[in-house]
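S.K.: Starting off with a structure, shown below.
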Amino acid sequence: MIQNLKCSSSSTLLDAMHVINENTLGVCFIVDEFDNLKGVLTDGDIRRAIMNNKPLNALLSEIANDDFVSGYEDEPIEELITKINKKYEDSDTEVTVVPIVNRDNKIVDYFKYSQKSHFPVAMPNLAGNELKYLTDAFLSTWVSSSGPYLNKFEENFSNYSDCKYGAAVSNGTAALHVALLALGIGKGDEVIIPDLTFAATINAVIHANATPVIVDVEKNSWCIDPIQIEKSITSKTKAIIPVHLYGQVCNMGKIMLLAKKYNLKVVEDCAEAHGASFKDRKVGSFGNIGCFSFYGNKVLTTGEGGMCTTNSKEIIEQIRLLRDHGMSKSKRYFHEVVGYNYRMTNLQAAIGVAQLERAEAIHKNRTSYEYLYRKIMPSSFEFQKNINGRNRITWLVSFLVGKNSDYNRDQLISIFLEKGIDARPFFYTLSEMNIYSKYAQQDNIHAKGISRSGISLPTYESLKSLSEIEKIVNSIFKR
Ligand SMILES: *Cc1c(COP(=O)(O)O)cnc(C)c1O
C-alpha cells in the first residue's frame, strides 16, 4: 500500500496525477533517490500548480510543498493529532492523509484523519455485558428462537415495564400488528391513532385490515389528544393506539377513562418511551397491551426486535400462538390459527438482557445530553415539556423552533449537518402523505405545526462527544 502512495521527486506532475488517481487517497508522498521522504502532494496542490500554468511535465521537486505534516512511528498519536490540528488552524488546509516515517526518514505507514467530526443522531452503547451474553448464546448453539436468554429477556423486560407477561417478537411493528390481532381487531373496526407518529403505527392497523382514524395531538405534549379521541369515536371504534412520542407520555388517565366509557381496547405504542411512566406506573402497563421496539436507535436495543407486554394470561398466550405460525403448543404441527413468524432470536435477547441491566445508566446518560442542549441552546427553542404526573424519558432530545425564533427549521438543520451534527426533522404528519390522507377527517393543526418546526438532535451515551457537541453548538449560536 505504501508503494502506491510514493512518487519520486524526479518524476513529473502527470506521474503524480496517475499515482493519486490510482491510490484514490487524494495524496502522494514524494521521496528522493535514497527513498527519504521529501514532501507531500495533494490533489489541491496539483490544482493550484495547473492554475499557475505549471506544465504537466514539471518536476515534482519544483512543485512539492515542503511545509507538510508527518509523524514518527514511535510518536504518541495525541502529539500527531495536535500537529495536524495546528496545521489546520494555521493554514485552514484540511490534512487528511499524513505520512508516518521511521527515524531514518523512510515511510513506514500513513495515517488518515479528519478534523470534521460526525455525530450520528443515534448510536447504541453495547459496552456492558452485551458481547459476553451474545457470545454465550452463540457458543451454546441456541441461536434461533428459543433459549434461556429469550425467557430471561421476556421476564426481565415485562418486570421492568410493570407487567406480568412479555412476548418478544421480531420488531416493534410486528408487536403492534400481533397485538391488534390478539385483541380480535380486524375488518370493519376503527382504530384511533395520532397524526404525529412514526408510520409503523398506522401500517400495523392497515396490516390488521382495520381502518385507522387519524386525530390531532395535544399542543403541549405532542401526544394524542383525548378530546380529539372522544370526538372521533363511532359505533365502529374498537381501539385506541396512544403513542408515547419522543419519550413523552400520553395522558393515560383520560385515555383509560374513555376506553372504559366506550368499551374500547387500548394498545400503547411505547417504541420511543422505554421506562417512562404515568403517575408512577410504567407505560405499556395501562392498556390491554404495550408494544415496544428494540431497533438500533431506540433507548434499549437488540438490533432489531420488539416486545408485547400485558397483564392478561389469555392475551399473552394468543400473542405467543400468533408469533409462532399459529402452531398449537400441545399438539406439534397442528395449527389453530393462520399465524405469522414474528419470533425474536436468543442472540437478540442476549443483547437485550445486557441492555436492560444498564437501563438506569442509559437513561441517566441520555438525560445528561438533554441538560446540555437545554443549557446551551437559544431560549426561543421550545424543548419537550415536563408535565405533571407524566414522567417522560429522553429518547432523542427534541425541540421546536418557535415562530419568533431567529432561525428557520430547515436552515438550522442544514447548519447542524454542515458542522457534522446529524440533526433530524420531526416525522411528517400521517395526514399529509398521500397513502394515508384519506384516514384523517380534518386538518390537524397541532400535529402539523409540531411536525414542521421540530428537530431531534444526536442523543447517545458517549461522554467524550458531550464536550465536542458543546463546542460545536456554542460555535453555531456564537456564545
Ligand atoms: C420505531 C417505532 C416503531 C416501529 O418499530 P420497529 O422495531 O422499527 O418496527 C413503531 N412506533 C413508533 C412510534 C416507533 O418510533
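Ligands are numbered from 1 in the order shown, chains are lettered A, B, ... in the order of the C-alpha cells, and residues start at 1 in each chain.
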Write out as a ChimeraX atom specification each polymer residue whose atoms come within 10 Å of Ile192 (chain A), counting only C-alpha atoms; drop sequence neighbours fewer than 5 positions from it.

M.R.: /A:202,205,211-215,224,228-230,232-233,237-242,266,439

S.K.: Can I get the selected residues back with N, CA, C and O atoms, as an mmCIF file, in the first residue's frame?

M.R.:
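Once written, result-v1.cif looks like this:
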```cif
data_model
loop_
_atom_site.group_PDB
_atom_site.id
_atom_site.type_symbol
_atom_site.label_atom_id
_atom_site.label_comp_id
_atom_site.auth_asym_id
_atom_site.auth_seq_id
_atom_site.Cartn_x
_atom_site.Cartn_y
_atom_site.Cartn_z
ATOM 1 N N ILE A 202 -49.554 3.319 11.998
ATOM 2 C CA ILE A 202 -50.691 3.206 11.074
ATOM 3 C C ILE A 202 -50.554 1.969 10.182
ATOM 4 O O ILE A 202 -51.541 1.296 9.875
ATOM 5 N N VAL A 205 -52.082 -1.027 11.768
ATOM 6 C CA VAL A 205 -53.553 -1.029 11.723
ATOM 7 C C VAL A 205 -54.019 -1.507 10.345
ATOM 8 O O VAL A 205 -54.928 -2.342 10.227
ATOM 9 N N THR A 211 -59.480 -0.095 10.046
ATOM 10 C CA THR A 211 -59.460 1.248 9.461
ATOM 11 C C THR A 211 -58.870 2.240 10.452
ATOM 12 O O THR A 211 -59.435 2.453 11.534
ATOM 13 N N PRO A 212 -57.735 2.856 10.102
ATOM 14 C CA PRO A 212 -57.165 3.849 11.004
ATOM 15 C C PRO A 212 -58.005 5.128 10.992
ATOM 16 O O PRO A 212 -58.555 5.489 9.955
ATOM 17 N N VAL A 213 -58.093 5.773 12.142
ATOM 18 C CA VAL A 213 -58.751 7.075 12.231
ATOM 19 C C VAL A 213 -57.730 8.013 12.861
ATOM 20 O O VAL A 213 -57.335 7.840 14.018
ATOM 21 N N ILE A 214 -57.266 8.961 12.044
ATOM 22 C CA ILE A 214 -56.166 9.828 12.475
ATOM 23 C C ILE A 214 -56.709 11.061 13.194
ATOM 24 O O ILE A 214 -57.575 11.748 12.657
ATOM 25 N N VAL A 215 -56.200 11.334 14.404
ATOM 26 C CA VAL A 215 -56.652 12.522 15.136
ATOM 27 C C VAL A 215 -55.465 13.394 15.551
ATOM 28 O O VAL A 215 -54.311 12.966 15.482
ATOM 29 N N ILE A 224 -51.166 12.168 21.468
ATOM 30 C CA ILE A 224 -52.582 12.107 21.078
ATOM 31 C C ILE A 224 -53.468 12.841 22.092
ATOM 32 O O ILE A 224 -53.281 12.732 23.310
ATOM 33 N N GLN A 228 -59.810 14.945 21.194
ATOM 34 C CA GLN A 228 -59.965 14.570 19.782
ATOM 35 C C GLN A 228 -60.338 13.087 19.643
ATOM 36 O O GLN A 228 -61.067 12.707 18.734
ATOM 37 N N ILE A 229 -59.831 12.273 20.558
ATOM 38 C CA ILE A 229 -60.188 10.846 20.532
ATOM 39 C C ILE A 229 -61.697 10.726 20.712
ATOM 40 O O ILE A 229 -62.391 10.085 19.908
ATOM 41 N N GLU A 230 -62.215 11.394 21.756
ATOM 42 C CA GLU A 230 -63.640 11.251 22.073
ATOM 43 C C GLU A 230 -64.508 11.730 20.914
ATOM 44 O O GLU A 230 -65.519 11.104 20.581
ATOM 45 N N SER A 232 -63.911 11.499 17.869
ATOM 46 C CA SER A 232 -63.820 10.619 16.703
ATOM 47 C C SER A 232 -64.424 9.232 16.931
ATOM 48 O O SER A 232 -64.392 8.390 16.036
ATOM 49 N N ILE A 233 -64.937 8.994 18.131
ATOM 50 C CA ILE A 233 -65.485 7.661 18.426
ATOM 51 C C ILE A 233 -66.818 7.457 17.709
ATOM 52 O O ILE A 233 -67.684 8.322 17.730
ATOM 53 N N THR A 237 -65.736 2.088 16.328
ATOM 54 C CA THR A 237 -64.448 2.218 17.007
ATOM 55 C C THR A 237 -64.212 1.027 17.942
ATOM 56 O O THR A 237 -65.067 0.698 18.755
ATOM 57 N N LYS A 238 -63.046 0.396 17.804
ATOM 58 C CA LYS A 238 -62.731 -0.764 18.652
ATOM 59 C C LYS A 238 -61.516 -0.525 19.538
ATOM 60 O O LYS A 238 -61.366 -1.158 20.567
ATOM 61 N N ALA A 239 -60.620 0.361 19.081
ATOM 62 C CA ALA A 239 -59.376 0.513 19.853
ATOM 63 C C ALA A 239 -58.743 1.885 19.667
ATOM 64 O O ALA A 239 -59.050 2.598 18.714
ATOM 65 N N ILE A 240 -57.866 2.202 20.620
ATOM 66 C CA ILE A 240 -57.052 3.429 20.554
ATOM 67 C C ILE A 240 -55.589 2.991 20.637
ATOM 68 O O ILE A 240 -55.260 2.104 21.431
ATOM 69 N N ILE A 241 -54.752 3.625 19.822
ATOM 70 C CA ILE A 241 -53.304 3.409 19.995
ATOM 71 C C ILE A 241 -52.656 4.730 20.406
ATOM 72 O O ILE A 241 -52.323 5.556 19.566
ATOM 73 N N PRO A 242 -52.506 4.958 21.719
ATOM 74 C CA PRO A 242 -51.742 6.133 22.141
ATOM 75 C C PRO A 242 -50.260 5.872 21.877
ATOM 76 O O PRO A 242 -49.776 4.775 22.154
ATOM 77 N N VAL A 266 -57.126 -0.753 24.302
ATOM 78 C CA VAL A 266 -56.015 0.192 24.206
ATOM 79 C C VAL A 266 -54.714 -0.571 23.969
ATOM 80 O O VAL A 266 -54.389 -1.502 24.710
ATOM 81 N N TYR A 439 -57.475 8.772 5.772
ATOM 82 C CA TYR A 439 -57.873 8.329 7.113
ATOM 83 C C TYR A 439 -58.011 9.488 8.104
ATOM 84 O O TYR A 439 -58.298 9.270 9.274
#
```

S.K.: Report as a ChimeraX atom specification which protein, DNA and RNA residues come within 9 Å of ligand 1, using only C-alpha atoms and all ligand atoms.

M.R.: /A:170-176,196-202,204,243-246,269-273,291-298,303-306

S.K.: In terms of the shortest atom-to-atom distance over only C-alpha atoms, which of A:Thr367, A:Asn391, A:Asn444, A:Ser467 is closest to Lys219 (chain A)?

M.R.: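 For Lys219 (chain A), the nearest of the given residues is A:Asn444.
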
S.K.: Which polymer residues have any atom within 6 Å of an atom of Asn36 (chain A), counting only C-alpha atoms, with same-chain residues fewer than 5 positions away left out, as a PyMOL selection string?

M.R.: chain A and resi 31+105-106

S.K.: Would you mind exporting all heavy atoms of the selected residues as a compact mmCIF listing (two decimals), in the first residue's frame?

M.R.:
```txt
# COMPACT_ATOMS: atom_id res chain seq x y z
N VAL A 31 9.43 11.12 -2.53
CA VAL A 31 10.68 10.61 -1.95
C VAL A 31 11.84 10.90 -2.89
O VAL A 31 11.66 11.00 -4.10
CB VAL A 31 10.59 9.09 -1.68
CG1 VAL A 31 9.59 8.79 -0.58
CG2 VAL A 31 10.24 8.32 -2.94
N ASN A 105 13.82 8.56 8.34
CA ASN A 105 13.02 9.30 7.37
C ASN A 105 12.52 8.45 6.19
O ASN A 105 12.39 8.92 5.07
CB ASN A 105 13.80 10.53 6.86
CG ASN A 105 12.86 11.59 6.31
OD1 ASN A 105 11.66 11.62 6.67
ND2 ASN A 105 13.35 12.43 5.42
N LYS A 106 12.33 7.16 6.45
CA LYS A 106 11.74 6.27 5.43
C LYS A 106 10.25 6.07 5.79
O LYS A 106 9.92 5.86 6.96
CB LYS A 106 12.42 4.90 5.43
CG LYS A 106 13.93 4.95 5.22
CD LYS A 106 14.25 4.91 3.75
CE LYS A 106 15.76 4.78 3.50
NZ LYS A 106 16.54 5.97 3.94
```

S.K.: Have a look at A:Pro226, A:Asp195, A:Arg358, A:Leu321 and name the one nearest to Ile445 (chain A); count only C-alpha atoms.

M.R.: A:Asp195

S.K.: Run DSSP on the backbone and grab whatever in region 2-199 of chain A lands in strand (DSSP E); send it over as a CSV table (one decimal) with all heavy atoms, in the first residue's frame.

M.R.:
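What follows is the written file result-v8.csv:
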```csv
chain,number,residue,atom,x,y,z
A,6,LYS,N,3.8,6.4,-3.1
A,6,LYS,CA,5.1,7.1,-3.3
A,6,LYS,C,5.2,7.6,-4.7
A,6,LYS,O,4.8,7.0,-5.7
A,6,LYS,CB,6.2,6.1,-3.0
A,6,LYS,CG,6.5,5.9,-1.6
A,6,LYS,CD,7.8,5.2,-1.4
A,6,LYS,CE,7.9,4.4,-0.1
A,6,LYS,NZ,9.1,3.5,-0.1
A,7,CYS,N,5.9,8.8,-4.8
A,7,CYS,CA,6.3,9.4,-6.1
A,7,CYS,C,7.7,9.9,-6.0
A,7,CYS,O,8.0,10.6,-5.0
A,7,CYS,CB,5.4,10.5,-6.4
A,7,CYS,SG,4.4,10.4,-7.8
A,8,SER,N,8.5,9.6,-7.0
A,8,SER,CA,9.9,10.1,-6.9
A,8,SER,C,10.0,11.6,-7.2
A,8,SER,O,9.2,12.1,-8.1
A,8,SER,CB,10.7,9.3,-7.9
A,8,SER,OG,11.8,10.1,-8.3
A,27,VAL,N,-3.7,12.0,-2.4
A,27,VAL,CA,-2.4,12.5,-2.0
A,27,VAL,C,-1.3,11.5,-2.4
A,27,VAL,O,-1.6,10.3,-2.6
A,27,VAL,CB,-2.4,12.7,-0.4
A,27,VAL,CG1,-2.7,11.4,0.3
A,27,VAL,CG2,-1.1,13.3,0.1
A,28,CYS,N,-0.1,12.1,-2.7
A,28,CYS,CA,1.0,11.2,-2.8
A,28,CYS,C,2.2,11.7,-2.0
A,28,CYS,O,2.3,12.9,-1.7
A,28,CYS,CB,1.4,10.9,-4.3
A,28,CYS,SG,2.1,12.4,-5.1
A,29,PHE,N,3.1,10.8,-1.6
A,29,PHE,CA,4.3,11.2,-0.8
A,29,PHE,C,5.5,11.2,-1.7
A,29,PHE,O,5.8,10.3,-2.4
A,29,PHE,CB,4.5,10.2,0.4
A,29,PHE,CG,3.3,10.1,1.3
A,29,PHE,CD1,3.1,8.8,1.9
A,29,PHE,CD2,2.4,11.1,1.5
A,29,PHE,CE1,2.0,8.7,2.8
A,29,PHE,CE2,1.4,11.0,2.4
A,29,PHE,CZ,1.1,9.7,3.0
A,30,ILE,N,6.3,12.3,-1.7
A,30,ILE,CA,7.4,12.5,-2.6
A,30,ILE,C,8.7,12.0,-1.9
A,30,ILE,O,9.0,12.4,-0.7
A,30,ILE,CB,7.5,13.9,-3.1
A,30,ILE,CG1,6.2,14.3,-3.8
A,30,ILE,CG2,8.7,14.1,-4.0
A,30,ILE,CD1,6.1,15.7,-4.0
A,31,VAL,N,9.4,11.1,-2.5
A,31,VAL,CA,10.7,10.6,-1.9
A,31,VAL,C,11.8,10.9,-2.9
A,31,VAL,O,11.7,11.0,-4.1
A,31,VAL,CB,10.6,9.1,-1.7
A,31,VAL,CG1,9.6,8.8,-0.6
A,31,VAL,CG2,10.2,8.3,-2.9
A,37,LEU,N,11.7,10.7,2.7
A,37,LEU,CA,10.5,11.5,2.5
A,37,LEU,C,10.9,13.0,2.3
A,37,LEU,O,11.6,13.5,3.1
A,37,LEU,CB,9.6,11.4,3.7
A,37,LEU,CG,8.3,12.3,3.7
A,37,LEU,CD1,7.4,11.9,2.5
A,37,LEU,CD2,7.6,12.2,5.0
A,38,LYS,N,10.4,13.5,1.2
A,38,LYS,CA,10.8,14.9,0.9
A,38,LYS,C,9.6,15.9,0.9
A,38,LYS,O,9.7,17.1,1.0
A,38,LYS,CB,11.4,15.0,-0.5
A,38,LYS,CG,12.8,14.5,-0.5
A,38,LYS,CD,13.7,15.5,0.2
A,38,LYS,CE,15.1,14.9,0.5
A,38,LYS,NZ,15.8,15.7,1.6
A,39,GLY,N,8.4,15.3,0.6
A,39,GLY,CA,7.3,16.2,0.6
A,39,GLY,C,6.0,15.5,0.4
A,39,GLY,O,6.0,14.2,0.3
A,40,VAL,N,4.9,16.2,0.4
A,40,VAL,CA,3.6,15.7,0.2
A,40,VAL,C,2.9,16.5,-0.8
A,40,VAL,O,3.0,17.7,-0.9
A,40,VAL,CB,2.8,15.8,1.6
A,40,VAL,CG1,1.3,15.4,1.3
A,40,VAL,CG2,3.4,14.9,2.6
A,41,LEU,N,2.2,15.8,-1.7
A,41,LEU,CA,1.5,16.5,-2.8
A,41,LEU,C,0.0,16.0,-2.8
A,41,LEU,O,-0.3,14.9,-2.9
A,41,LEU,CB,2.1,16.1,-4.2
A,41,LEU,CG,1.8,17.0,-5.3
A,41,LEU,CD1,2.5,18.4,-5.2
A,41,LEU,CD2,2.1,16.4,-6.7
A,42,THR,N,-0.9,17.0,-2.6
A,42,THR,CA,-2.3,16.7,-2.6
A,42,THR,C,-2.9,17.0,-3.9
A,42,THR,O,-2.3,17.8,-4.7
A,42,THR,CB,-3.0,17.4,-1.5
A,42,THR,OG1,-3.0,18.8,-1.8
A,42,THR,CG2,-2.4,17.2,-0.2
A,71,GLY,N,4.4,12.2,10.7
A,71,GLY,CA,4.6,11.6,12.0
A,71,GLY,C,5.7,10.6,12.1
A,71,GLY,O,6.1,10.0,11.1
A,72,TYR,N,6.2,10.4,13.3
A,72,TYR,CA,7.1,9.3,13.5
A,72,TYR,C,6.4,8.1,14.0
A,72,TYR,O,5.4,8.2,14.7
A,72,TYR,CB,8.2,9.7,14.5
A,72,TYR,CG,9.2,10.8,14.0
A,72,TYR,CD1,9.1,12.1,14.4
A,72,TYR,CD2,10.1,10.4,13.0
A,72,TYR,CE1,10.0,13.0,13.9
A,72,TYR,CE2,11.0,11.3,12.5
A,72,TYR,CZ,10.9,12.6,13.0
A,72,TYR,OH,11.8,13.6,12.5
A,97,VAL,N,-4.4,12.8,5.0
A,97,VAL,CA,-3.6,11.7,5.0
A,97,VAL,C,-2.1,12.1,5.3
A,97,VAL,O,-1.6,13.0,4.6
A,97,VAL,CB,-3.6,11.0,3.6
A,97,VAL,CG1,-2.7,9.8,3.6
A,97,VAL,CG2,-5.0,10.5,3.3
A,98,VAL,N,-1.6,11.6,6.3
A,98,VAL,CA,-0.2,12.0,6.8
A,98,VAL,C,0.8,10.9,6.7
A,98,VAL,O,0.4,9.7,7.1
A,98,VAL,CB,-0.4,12.5,8.3
A,98,VAL,CG1,1.0,12.8,8.9
A,98,VAL,CG2,-1.3,13.6,8.4
A,99,PRO,N,2.0,11.1,6.2
A,99,PRO,CA,3.0,10.0,6.1
A,99,PRO,C,3.6,9.8,7.5
A,99,PRO,O,3.7,10.7,8.3
A,99,PRO,CB,4.0,10.6,5.2
A,99,PRO,CG,3.9,12.0,5.2
A,99,PRO,CD,2.5,12.3,5.5
A,100,ILE,N,3.8,8.5,7.8
A,100,ILE,CA,4.5,8.1,9.0
A,100,ILE,C,5.8,7.6,8.6
A,100,ILE,O,5.9,6.7,7.8
A,100,ILE,CB,3.7,7.0,9.8
A,100,ILE,CG1,2.2,7.5,10.0
A,100,ILE,CG2,4.4,6.7,11.1
A,100,ILE,CD1,2.0,8.6,10.9
A,101,VAL,N,6.9,8.2,9.2
A,101,VAL,CA,8.3,7.7,8.9
A,101,VAL,C,9.0,7.1,10.1
A,101,VAL,O,8.6,7.4,11.3
A,101,VAL,CB,9.1,8.9,8.4
A,101,VAL,CG1,8.6,9.4,7.0
A,101,VAL,CG2,9.2,10.1,9.4
A,107,ILE,N,9.4,6.1,4.8
A,107,ILE,CA,8.0,6.0,5.0
A,107,ILE,C,7.6,4.6,5.4
A,107,ILE,O,8.0,3.6,4.7
A,107,ILE,CB,7.1,6.3,3.8
A,107,ILE,CG1,7.5,7.8,3.3
A,107,ILE,CG2,5.6,6.3,4.1
A,107,ILE,CD1,6.9,8.1,1.9
A,108,VAL,N,7.0,4.4,6.6
A,108,VAL,CA,6.6,3.1,7.0
A,108,VAL,C,5.1,2.9,7.0
A,108,VAL,O,4.6,1.8,7.0
A,108,VAL,CB,7.1,2.8,8.4
A,108,VAL,CG1,8.6,2.6,8.4
A,108,VAL,CG2,6.7,3.8,9.4
A,109,ASP,N,4.3,4.0,7.0
A,109,ASP,CA,2.9,3.8,7.1
A,109,ASP,C,2.2,5.2,6.8
A,109,ASP,O,2.9,6.2,6.5
A,109,ASP,CB,2.5,3.4,8.5
A,109,ASP,CG,1.1,2.7,8.6
A,109,ASP,OD1,0.4,2.7,7.6
A,109,ASP,OD2,0.8,2.1,9.6
A,110,TYR,N,0.9,5.2,6.8
A,110,TYR,CA,0.3,6.5,6.7
A,110,TYR,C,-0.9,6.6,7.7
A,110,TYR,O,-1.4,5.5,8.2
A,110,TYR,CB,-0.2,6.8,5.3
A,110,TYR,CG,-1.4,6.0,4.8
A,110,TYR,CD1,-2.7,6.5,5.0
A,110,TYR,CD2,-1.2,4.8,4.2
A,110,TYR,CE1,-3.8,5.7,4.6
A,110,TYR,CE2,-2.3,4.0,3.8
A,110,TYR,CZ,-3.6,4.5,4.0
A,110,TYR,OH,-4.7,3.8,3.6
A,111,PHE,N,-1.3,7.8,8.0
A,111,PHE,CA,-2.4,8.0,9.0
A,111,PHE,C,-3.5,8.9,8.4
A,111,PHE,O,-3.2,9.9,7.8
A,111,PHE,CB,-1.8,8.7,10.2
A,111,PHE,CG,-2.8,9.0,11.3
A,111,PHE,CD1,-3.4,8.0,12.0
A,111,PHE,CD2,-3.0,10.3,11.7
A,111,PHE,CE1,-4.3,8.3,13.0
A,111,PHE,CE2,-3.9,10.6,12.7
A,111,PHE,CZ,-4.6,9.6,13.4
A,112,LYS,N,-4.7,8.4,8.5
A,112,LYS,CA,-5.8,9.1,7.9
A,112,LYS,C,-6.6,9.8,9.0
A,112,LYS,O,-6.9,9.1,10.0
A,112,LYS,CB,-6.7,8.1,7.1
A,112,LYS,CG,-7.4,8.8,6.0
A,112,LYS,CD,-8.0,7.8,5.1
A,112,LYS,CE,-9.1,8.5,4.2
A,112,LYS,NZ,-10.0,7.6,3.6
A,165,TYR,N,-46.6,-10.2,32.0
A,165,TYR,CA,-46.1,-11.0,30.9
A,165,TYR,C,-45.5,-10.2,29.8
A,165,TYR,O,-45.9,-9.1,29.5
A,165,TYR,CB,-47.3,-11.9,30.3
A,165,TYR,CG,-48.1,-12.6,31.3
A,165,TYR,CD1,-49.3,-12.1,31.7
A,165,TYR,CD2,-47.6,-13.8,31.9
A,165,TYR,CE1,-50.1,-12.8,32.6
A,165,TYR,CE2,-48.4,-14.4,32.9
A,165,TYR,CZ,-49.6,-13.9,33.2
A,165,TYR,OH,-50.4,-14.6,34.2
A,166,GLY,N,-44.5,-10.9,29.1
A,166,GLY,CA,-43.9,-10.3,27.9
A,166,GLY,C,-43.8,-11.3,26.8
A,166,GLY,O,-43.5,-12.5,27.1
A,167,ALA,N,-43.9,-10.9,25.6
A,167,ALA,CA,-43.7,-11.8,24.5
A,167,ALA,C,-42.8,-11.1,23.5
A,167,ALA,O,-43.1,-10.1,22.9
A,167,ALA,CB,-45.0,-12.2,23.8
A,168,ALA,N,-41.5,-11.6,23.3
A,168,ALA,CA,-40.6,-11.0,22.4
A,168,ALA,C,-41.0,-11.3,21.0
A,168,ALA,O,-41.3,-12.5,20.7
A,168,ALA,CB,-39.2,-11.5,22.8
A,169,VAL,N,-40.9,-10.3,20.1
A,169,VAL,CA,-41.2,-10.5,18.7
A,169,VAL,C,-40.1,-9.9,17.9
A,169,VAL,O,-39.1,-9.3,18.4
A,169,VAL,CB,-42.6,-9.9,18.4
A,169,VAL,CG1,-43.7,-10.7,19.0
A,169,VAL,CG2,-42.6,-8.4,18.7
A,190,GLU,N,-62.6,0.3,13.6
A,190,GLU,CA,-61.9,1.6,13.5
A,190,GLU,C,-60.9,1.6,14.7
A,190,GLU,O,-61.3,1.3,15.8
A,190,GLU,CB,-62.8,2.8,13.5
A,190,GLU,CG,-63.6,2.9,12.2
A,190,GLU,CD,-64.6,4.1,12.2
A,190,GLU,OE1,-64.7,4.8,13.2
A,190,GLU,OE2,-65.2,4.3,11.2
A,191,VAL,N,-59.7,2.1,14.4
A,191,VAL,CA,-58.7,2.2,15.4
A,191,VAL,C,-58.2,3.7,15.4
A,191,VAL,O,-57.7,4.2,14.4
A,191,VAL,CB,-57.5,1.2,15.2
A,191,VAL,CG1,-56.4,1.4,16.2
A,191,VAL,CG2,-58.0,-0.2,15.1
A,192,ILE,N,-58.3,4.3,16.5
A,192,ILE,CA,-57.9,5.8,16.6
A,192,ILE,C,-56.4,5.9,16.9
A,192,ILE,O,-55.9,5.3,17.9
A,192,ILE,CB,-58.7,6.5,17.7
A,192,ILE,CG1,-60.2,6.4,17.2
A,192,ILE,CG2,-58.3,7.9,17.8
A,192,ILE,CD1,-61.2,7.0,18.3
A,193,ILE,N,-55.7,6.7,16.1
A,193,ILE,CA,-54.3,6.9,16.2
A,193,ILE,C,-53.9,8.4,16.1
A,193,ILE,O,-54.7,9.1,15.5
A,193,ILE,CB,-53.5,6.1,15.2
A,193,ILE,CG1,-53.9,6.5,13.8
A,193,ILE,CG2,-53.7,4.6,15.3
A,193,ILE,CD1,-53.0,6.0,12.7
A,194,PRO,N,-52.7,8.8,16.6
A,194,PRO,CA,-52.4,10.2,16.4
A,194,PRO,C,-51.8,10.5,15.0
A,194,PRO,O,-51.2,9.6,14.4
A,194,PRO,CB,-51.3,10.4,17.5
A,194,PRO,CG,-50.7,9.0,17.6
A,194,PRO,CD,-51.8,8.0,17.4
```

S.K.: Of the candidates A:Arg281, A:Lys116, A:Arg392, A:Lys87, which shows the shortest atom-to-atom distance to Cys250 (chain A), using only C-alpha atoms?

M.R.: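 So, comparing all the options, the nearest one is A:Arg392.
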
S.K.: Need to verify the contact set: region 151-163 of chain A, 7 Å, only C-alpha atoms, exclusion of same-chain residues closer than 3 positions in sequence. Can you return it as a ChimeraX atom specification?

M.R.: /A:147-148,166-168,275,281-285,309-311,349,352-353

S.K.: I need the residues in region 11-81 of chain A that are helix (DSSP H, G or I) according to DSSP; give them as an MDAnalysis selection string.

M.R.: chainID A and resid 13:23 43:51 60:63 77:81

S.K.: Find the residues around Ile469 (chain A) up to 10 Å (only C-alpha atoms counted), leave out those fewer than 6 positions away in its own chain, and share them as a PyMOL selection string.

M.R.: chain A and resi 117-119+369+372-373+419-421+458+475

S.K.: Filtering to N, CA, C and O atoms, could you give me those residues as a CSV table (one decimal), in the first residue's frame?

M.R.:
```csv
chain,number,residue,atom,x,y,z
A,117,SER,N,-15.9,16.3,12.6
A,117,SER,CA,-16.5,15.3,13.5
A,117,SER,C,-17.8,14.9,12.9
A,117,SER,O,-18.4,15.7,12.2
A,118,HIS,N,-18.3,13.8,13.2
A,118,HIS,CA,-19.6,13.4,12.7
A,118,HIS,C,-20.3,12.8,13.9
A,118,HIS,O,-19.9,11.8,14.5
A,119,PHE,N,-21.5,13.4,14.3
A,119,PHE,CA,-22.3,12.8,15.3
A,119,PHE,C,-23.6,12.3,14.8
A,119,PHE,O,-24.5,13.1,14.5
A,369,TYR,N,-27.4,14.6,28.1
A,369,TYR,CA,-27.4,15.3,26.8
A,369,TYR,C,-28.5,16.3,26.8
A,369,TYR,O,-28.3,17.4,26.3
A,372,LEU,N,-27.6,19.3,28.7
A,372,LEU,CA,-26.6,20.1,28.0
A,372,LEU,C,-27.3,21.0,26.9
A,372,LEU,O,-27.1,22.2,26.8
A,373,TYR,N,-28.0,20.3,26.0
A,373,TYR,CA,-28.7,21.0,24.9
A,373,TYR,C,-29.6,22.2,25.5
A,373,TYR,O,-29.6,23.3,25.0
A,419,LYS,N,-21.9,21.1,10.3
A,419,LYS,CA,-21.0,21.0,11.4
A,419,LYS,C,-20.8,19.6,11.8
A,419,LYS,O,-20.2,19.3,12.9
A,420,GLY,N,-21.4,18.7,11.1
A,420,GLY,CA,-21.3,17.2,11.5
A,420,GLY,C,-22.3,16.7,12.5
A,420,GLY,O,-22.2,15.6,13.0
A,421,ILE,N,-23.3,17.5,12.8
A,421,ILE,CA,-24.3,17.1,13.8
A,421,ILE,C,-25.5,16.7,13.0
A,421,ILE,O,-26.1,17.5,12.3
A,458,PRO,N,-28.6,14.5,18.0
A,458,PRO,CA,-27.9,13.3,18.5
A,458,PRO,C,-28.0,13.1,20.0
A,458,PRO,O,-27.7,14.1,20.8
A,475,SER,N,-20.4,27.2,18.9
A,475,SER,CA,-20.0,27.9,17.8
A,475,SER,C,-21.1,28.3,16.8
A,475,SER,O,-21.1,29.4,16.2
```

S.K.: Mind checking which residues fall within 7 Å of Phe383 (chain A), counting only C-alpha atoms, ignoring those fewer than 6 positions away in the same chain, and posting them as a list in words?

M.R.: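 Close residues of Phe383 (chain A): Ser398, Phe399 and Leu400 of chain A.
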
S.K.: Can I get the selection written as a compact mmCIF listing (two decimals), in the first residue's frame, with N, CA, C and O atoms?

M.R.:
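Final output, part15.txt:
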```
# COMPACT_ATOMS: atom_id res chain seq x y z
N SER A 398 -35.39 16.60 21.68
CA SER A 398 -36.19 17.20 20.62
C SER A 398 -36.72 18.56 21.04
O SER A 398 -37.02 18.78 22.21
N PHE A 399 -36.80 19.46 20.07
CA PHE A 399 -37.32 20.80 20.39
C PHE A 399 -37.99 21.38 19.17
O PHE A 399 -37.82 20.90 18.05
N LEU A 400 -38.79 22.41 19.41
CA LEU A 400 -39.45 23.11 18.32
C LEU A 400 -38.78 24.46 18.12
O LEU A 400 -38.42 25.12 19.09
```
